[in-house]
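Novice: Below you'll find the structure I mean.
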Amino acid sequence: MYSSFLIKYGEIGIKGNNRHVFEDALCRRIREALKPLDGEFDIKKERGRIYVNCSGDWHYDETVTRLSRVFGIVGICPVVVLEASNFEALREGVVAYIGEEYPNSTASFKVKARRVNKSFEMKSMEIDAELGGAILEAYPSMHVDVHNPDILIDIEIREFIYVYSKIIPGPGGMPVGTGGSATLLLSGGIDSPVAGWMVAKRGVTLDAVYFHAPPYTSERAKQKVVDLAKEIAVYTGPIKLHIVNFTDIQLYIYDTCPHEELTIIMRRYMMRIAEHFAKENHSMGLVTGESIGQVASQTMQSLMTTNAVCTLPVYRPLIAFDKNDIVAKAKEIGTYETSILPYEDCCTIFVAKHPVTKPNLKTIEHSEMHLKEKIDDLFKEAIDTTEVIYVR
């Protein structure tokens with residue numbers, strides 16, 4: 001029955017004179033999302049509306065799934081398209097639509113017409129009344145409820161007539177590419193993929209950095225992170241993933257610095273390396289999955305000490321989330337099952353038994369002075385040997 005979708009967006013609609021920029025970006029993202037599918041898709045923008053017209057060998061469920069992962073879309077409405085010739089054609093089309101979409105229904109309904117094409121022969125309220133009567137005549141088991149209907153039948157009269165009554169939820173947010181770019185510190189855990197998803201939802205393009213520590217972390221752990229990047233990329237588009245060999249730096253810190261400070265000092269060097277690639281890729285900030293108090297390196301004092309090595313902003317979208325909230329979001333976006341695969345990561349292997357929870361910045365900087373003999377060379381080697389994977 002369907003060959004088109006009306007795409008509803010949210011806050012794009014209040015962007016004023018810049019609205020067309022966000023609409024165009026949303027059209028591009030829809031086009032990119034549907035490109036791998038069979039069929040032909042014509043994305044059309046018309047007076048505050050975006051339509052996806054489908055033809056060829058396309059598949060309804062696959063198309064809806066792809067659209068439901070495009071940031072900026074708040075609703076996907078399957079529409080029946082009718083010729084905007086006269087009311088009689090409209091009446092026949094709507095009655096047929098109800099019969100196919102709601103056979104044998106006893107539900108309440110309301111008709112809501114919007115006459116954008118002012119040359120149409122009847123006004124909106126007249127259309128509502130006449131179509132309501134036609135539906136009651138054809139399906140007497142149904143009844144009208146103008147205040148709280150089970151079914152709201154929307155009619156939009158434009159160059160064509162669009163009829164719809166269902167809204168499939170989209171992820172909301174803003175189209176990726178309209179909010180700048182950032183570099184995500186991506187681990188194999190639950191938190192960082194969710195943090196990346198949340199920042200991308202605000203229109204931010206993502207790159208990512210993963211710290212690998214062979215032989216202490218396996219190839220399976222590395223592949224797990226690549227798989228997580230792929231799951232995020234379903235929403236964000238392509239991600240440039242930097243895989244940094246962090247083993248030598250970790251071992252040097254482990255052998256040289258006080259063990260209670262290992263986590264903080266390692267984290268500070270991760271941030272330094274991530275910022276190097278962020279600047280190289282013209283990112284506007286770093287993104288982490290940290291939440292206040294979740295572990296020793298995420299106390300307020302620890303976060304302040306970690307931030308001290310960065311010149312770019314550090315964005316922490318999960319900063320006030322409980323773990324249960326993060327797990328629920330991970331399940332919703334499809335990263336949870338991959339995140340809980342039991343493969344080690346470099347942060348957990350080199351963790352101290354009794355990590356400092358209230359580090360003093362001057363003390364940490366003094367401890368890092370003991371690294372000066374070799375750390376610059378190791379830092380450079382880690383950057384020079386970084387593997388880059390383009391995840392799509």
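Ligands are numbered from 1 in the order shown, chains are lettered A, B, ... in the order of the structure tokens, and residues start at 1 in each chain.
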As an NGL selection string, please: all residues of stretch 14-202 of chain A that backbone DSSP puts in strand (DSSP E).
Specialist: :A and (40-46 or 49-55 or 73-83 or 108-115 or 143-144 or 151-157 or 160-164 or 168-169 or 181-185)
Novice: Just write the chosen residues, C-alpha atoms, as an mmCIF file, in the first residue's frame.
Specialist:
```
data_model
loop_
_atom_site.group_PDB
_atom_site.id
_atom_site.type_symbol
_atom_site.label_atom_id
_atom_site.label_comp_id
_atom_site.auth_asym_id
_atom_site.auth_seq_id
_atom_site.Cartn_x
_atom_site.Cartn_y
_atom_site.Cartn_z
ATOM 1 C CA GLU A 40 15.451 3.768 -5.752
ATOM 2 C CA PHE A 41 14.792 6.549 -3.246
ATOM 3 C CA ASP A 42 13.892 10.102 -4.168
ATOM 4 C CA ILE A 43 14.258 12.513 -1.238
ATOM 5 C CA LYS A 44 12.090 15.565 -1.760
ATOM 6 C CA LYS A 45 11.932 18.719 0.377
ATOM 7 C CA GLU A 46 8.706 20.736 0.183
ATOM 8 C CA ARG A 49 8.230 18.666 4.820
ATOM 9 C CA ILE A 50 10.641 15.964 3.689
ATOM 10 C CA TYR A 51 9.330 13.017 1.687
ATOM 11 C CA VAL A 52 11.069 9.775 0.777
ATOM 12 C CA ASN A 53 9.522 8.325 -2.379
ATOM 13 C CA CYS A 54 10.430 4.680 -2.963
ATOM 14 C CA SER A 55 10.437 2.736 -6.223
ATOM 15 C CA ILE A 73 14.217 12.338 12.388
ATOM 16 C CA VAL A 74 11.586 12.281 15.133
ATOM 17 C CA GLY A 75 8.906 10.428 13.178
ATOM 18 C CA ILE A 76 8.552 8.259 10.058
ATOM 19 C CA CYS A 77 5.051 8.283 8.604
ATOM 20 C CA PRO A 78 4.145 5.729 5.913
ATOM 21 C CA VAL A 79 1.913 7.695 3.531
ATOM 22 C CA VAL A 80 -0.517 6.876 0.773
ATOM 23 C CA VAL A 81 -0.156 9.361 -2.083
ATOM 24 C CA LEU A 82 -3.284 10.365 -4.013
ATOM 25 C CA GLU A 83 -3.815 12.639 -6.987
ATOM 26 C CA SER A 108 -12.489 5.699 17.407
ATOM 27 C CA PHE A 109 -11.022 8.088 14.849
ATOM 28 C CA LYS A 110 -10.583 11.709 13.918
ATOM 29 C CA VAL A 111 -9.830 13.248 10.529
ATOM 30 C CA LYS A 112 -7.429 16.190 10.462
ATOM 31 C CA ALA A 113 -6.978 17.838 7.063
ATOM 32 C CA ARG A 114 -4.386 20.486 6.204
ATOM 33 C CA ARG A 115 -5.050 22.307 2.938
ATOM 34 C CA HIS A 143 -16.925 5.956 15.742
ATOM 35 C CA VAL A 144 -15.723 9.543 15.928
ATOM 36 C CA ILE A 151 -6.688 6.706 15.182
ATOM 37 C CA LEU A 152 -5.751 10.173 13.927
ATOM 38 C CA ILE A 153 -6.053 10.294 10.147
ATOM 39 C CA ASP A 154 -3.872 13.086 8.804
ATOM 40 C CA ILE A 155 -4.594 14.476 5.336
ATOM 41 C CA GLU A 156 -2.135 16.897 3.729
ATOM 42 C CA ILE A 157 -3.308 18.508 0.499
ATOM 43 C CA PHE A 160 -0.445 15.628 -4.208
ATOM 44 C CA ILE A 161 -2.585 14.426 -1.306
ATOM 45 C CA TYR A 162 -0.788 12.565 1.480
ATOM 46 C CA VAL A 163 -2.763 10.289 3.819
ATOM 47 C CA TYR A 164 -1.222 8.779 6.966
ATOM 48 C CA ILE A 168 7.173 5.316 13.676
ATOM 49 C CA PRO A 169 9.580 6.936 16.190
ATOM 50 C CA SER A 181 33.391 17.141 15.014
ATOM 51 C CA ALA A 182 34.877 15.355 18.020
ATOM 52 C CA THR A 183 37.181 12.451 18.837
ATOM 53 C CA LEU A 184 35.784 9.655 21.007
ATOM 54 C CA LEU A 185 37.983 7.660 23.378
#
```
Novice: As a PyMOL selection string, please: all residues of stretch 81-139 of chain A that backbone DSSP puts in alpha helix (DSSP H).
Specialist: chain A and resi 87-101+124-138
Novice: Could you write out that same residue set with N, CA and C atoms as an mmCIF file, in the first residue's frame?
Specialist:
```
data_model
loop_
_atom_site.group_PDB
_atom_site.id
_atom_site.type_symbol
_atom_site.label_atom_id
_atom_site.label_comp_id
_atom_site.auth_asym_id
_atom_site.auth_seq_id
_atom_site.Cartn_x
_atom_site.Cartn_y
_atom_site.Cartn_z
ATOM 1 N N PHE A 87 -12.465 16.192 -4.553
ATOM 2 C CA PHE A 87 -12.813 15.565 -3.283
ATOM 3 C C PHE A 87 -13.259 14.125 -3.463
ATOM 4 N N GLU A 88 -13.940 13.830 -4.562
ATOM 5 C CA GLU A 88 -14.427 12.466 -4.766
ATOM 6 C C GLU A 88 -13.276 11.469 -4.799
ATOM 7 N N ALA A 89 -12.175 11.844 -5.490
ATOM 8 C CA ALA A 89 -10.985 10.976 -5.530
ATOM 9 C C ALA A 89 -10.388 10.838 -4.136
ATOM 10 N N LEU A 90 -10.386 11.929 -3.371
ATOM 11 C CA LEU A 90 -9.868 11.887 -2.004
ATOM 12 C C LEU A 90 -10.723 10.963 -1.145
ATOM 13 N N ARG A 91 -12.024 11.111 -1.230
ATOM 14 C CA ARG A 91 -12.930 10.281 -0.422
ATOM 15 C C ARG A 91 -12.715 8.802 -0.704
ATOM 16 N N GLU A 92 -12.659 8.420 -1.963
ATOM 17 C CA GLU A 92 -12.466 7.011 -2.324
ATOM 18 C C GLU A 92 -11.119 6.499 -1.811
ATOM 19 N N GLY A 93 -10.080 7.336 -1.935
ATOM 20 C CA GLY A 93 -8.753 6.921 -1.488
ATOM 21 C C GLY A 93 -8.682 6.714 0.014
ATOM 22 N N VAL A 94 -9.314 7.618 0.783
ATOM 23 C CA VAL A 94 -9.271 7.504 2.247
ATOM 24 C C VAL A 94 -10.085 6.307 2.728
ATOM 25 N N VAL A 95 -11.257 6.096 2.154
ATOM 26 C CA VAL A 95 -12.080 4.942 2.539
ATOM 27 C C VAL A 95 -11.331 3.639 2.253
ATOM 28 N N ALA A 96 -10.662 3.558 1.102
ATOM 29 C CA ALA A 96 -9.879 2.367 0.777
ATOM 30 C C ALA A 96 -8.706 2.198 1.741
ATOM 31 N N TYR A 97 -8.075 3.310 2.117
ATOM 32 C CA TYR A 97 -6.950 3.276 3.059
ATOM 33 C C TYR A 97 -7.376 2.709 4.408
ATOM 34 N N ILE A 98 -8.503 3.171 4.930
ATOM 35 C CA ILE A 98 -8.997 2.684 6.222
ATOM 36 C C ILE A 98 -9.297 1.193 6.143
ATOM 37 N N GLY A 99 -9.891 0.760 5.027
ATOM 38 C CA GLY A 99 -10.220 -0.648 4.879
ATOM 39 C C GLY A 99 -8.992 -1.538 4.874
ATOM 40 N N GLU A 100 -7.907 -1.069 4.284
ATOM 41 C CA GLU A 100 -6.679 -1.872 4.243
ATOM 42 C C GLU A 100 -5.895 -1.792 5.538
ATOM 43 N N GLU A 101 -5.807 -0.607 6.113
ATOM 44 C CA GLU A 101 -4.963 -0.420 7.299
ATOM 45 C C GLU A 101 -5.661 -0.878 8.580
ATOM 46 N N SER A 124 -10.472 23.035 4.885
ATOM 47 C CA SER A 124 -10.021 21.957 5.772
ATOM 48 C C SER A 124 -11.146 21.413 6.647
ATOM 49 N N MET A 125 -11.920 22.281 7.279
ATOM 50 C CA MET A 125 -12.972 21.810 8.181
ATOM 51 C C MET A 125 -14.082 21.079 7.423
ATOM 52 N N GLU A 126 -14.336 21.522 6.207
ATOM 53 C CA GLU A 126 -15.328 20.824 5.378
ATOM 54 C C GLU A 126 -14.832 19.426 5.008
ATOM 55 N N ILE A 127 -13.541 19.332 4.704
ATOM 56 C CA ILE A 127 -12.952 18.030 4.365
ATOM 57 C C ILE A 127 -13.041 17.088 5.565
ATOM 58 N N ASP A 128 -12.719 17.609 6.764
ATOM 59 C CA ASP A 128 -12.798 16.792 7.974
ATOM 60 C C ASP A 128 -14.196 16.194 8.140
ATOM 61 N N ALA A 129 -15.195 17.036 8.025
ATOM 62 C CA ALA A 129 -16.574 16.595 8.251
ATOM 63 C C ALA A 129 -17.033 15.589 7.200
ATOM 64 N N GLU A 130 -16.755 15.881 5.924
ATOM 65 C CA GLU A 130 -17.211 15.002 4.849
ATOM 66 C C GLU A 130 -16.506 13.655 4.874
ATOM 67 N N LEU A 131 -15.188 13.670 5.148
ATOM 68 C CA LEU A 131 -14.456 12.400 5.206
ATOM 69 C C LEU A 131 -14.881 11.580 6.425
ATOM 70 N N GLY A 132 -15.132 12.254 7.543
ATOM 71 C CA GLY A 132 -15.629 11.538 8.715
ATOM 72 C C GLY A 132 -16.927 10.823 8.415
ATOM 73 N N GLY A 133 -17.827 11.526 7.739
ATOM 74 C CA GLY A 133 -19.094 10.901 7.363
ATOM 75 C C GLY A 133 -18.902 9.730 6.413
ATOM 76 N N ALA A 134 -17.990 9.858 5.449
ATOM 77 C CA ALA A 134 -17.747 8.780 4.489
ATOM 78 C C ALA A 134 -17.179 7.547 5.187
ATOM 79 N N ILE A 135 -16.298 7.746 6.160
ATOM 80 C CA ILE A 135 -15.715 6.612 6.888
ATOM 81 C C ILE A 135 -16.784 5.926 7.735
ATOM 82 N N LEU A 136 -17.637 6.699 8.408
ATOM 83 C CA LEU A 136 -18.706 6.102 9.213
ATOM 84 C C LEU A 136 -19.690 5.312 8.349
ATOM 85 N N GLU A 137 -19.963 5.846 7.164
ATOM 86 C CA GLU A 137 -20.878 5.140 6.253
ATOM 87 C C GLU A 137 -20.279 3.826 5.790
ATOM 88 N N ALA A 138 -18.969 3.828 5.493
ATOM 89 C CA ALA A 138 -18.316 2.617 4.991
ATOM 90 C C ALA A 138 -18.005 1.627 6.107
#
```
Novice: What's the separation between atom CA of A:Gln301 and atom CA of A:Ala213, in Å to one decimal place?
Specialist: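 It comes out at 26.5 Å.
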Novice: Please measure the separation of atom CA of A:Asp376 and atom CA of A:Ile249, giving the value in Å to one decimal.
Specialist: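 Taking atom CA of A:Asp376 and atom CA of A:Ile249, their separation equals 9.8 Å.
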Novice: Of the candidates A:Tyr343, A:Glu159, A:Glu121, A:Ala107, which one gets nearest to A:Glu219 if we count only C-alpha atoms?
Specialist: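 Of A:Tyr343, A:Glu159, A:Glu121, A:Ala107, the one nearest A:Glu219 is A:Tyr343, counting only C-alpha atoms.
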Novice: Could you tell me which of A:Met369, A:Met271, A:Leu34, A:Val194 comes closest to A:Ile326 if we count only C-alpha atoms?
Specialist: A:Val194
Novice: Just the residues within 12 Å of A:Glu261, please, counting only C-alpha atoms, with nothing from its chain fewer than 6 positions along; format it as a list in words.
Specialist: Ile253, Tyr254, Asp255, Arg267, Arg268, Ala296, Ser297, Ser302, Thr305, Thr306, Phe350, Val351, Ala352, Lys353, His354, Pro355, Val356, Thr357, Lys358, Pro359, Asn360, Leu361, Thr363, Ile364, Glu365, His366, Ser367 and Glu368 of chain A
Novice: Which is closest to A:Asn307 among A:Arg272, A:Arg392, A:Lys331, A:Lys240, if we use only C-alpha atoms?
Specialist: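 Residue with the minimum atom-to-atom distance to A:Asn307: A:Arg272.
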Novice: Set the distance at 12 Å and use only C-alpha atoms: which residues neighbour A:Pro175 once local chain neighbours fewer than 2 positions away are removed? I'd like the list as a PyMOL selection string.
Specialist: chain A and resi 9-12+19+21-30+32-33+69-74+170-173+177-180+199-205+235-237
Novice: Atom CA of A:Met198 to atom CA of A:Glu275: how many Å, to one decimal?
Specialist: 19.9 Å
Novice: Could you check the closest approach to A:Asn281 for each of A:Leu378, A:Ala195, A:Val209, A:Ala308 and tell me which residue wins, using only C-alpha atoms?
Specialist: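 Looking only at the distances to A:Asn281, the closest residue turns out to be A:Val209.
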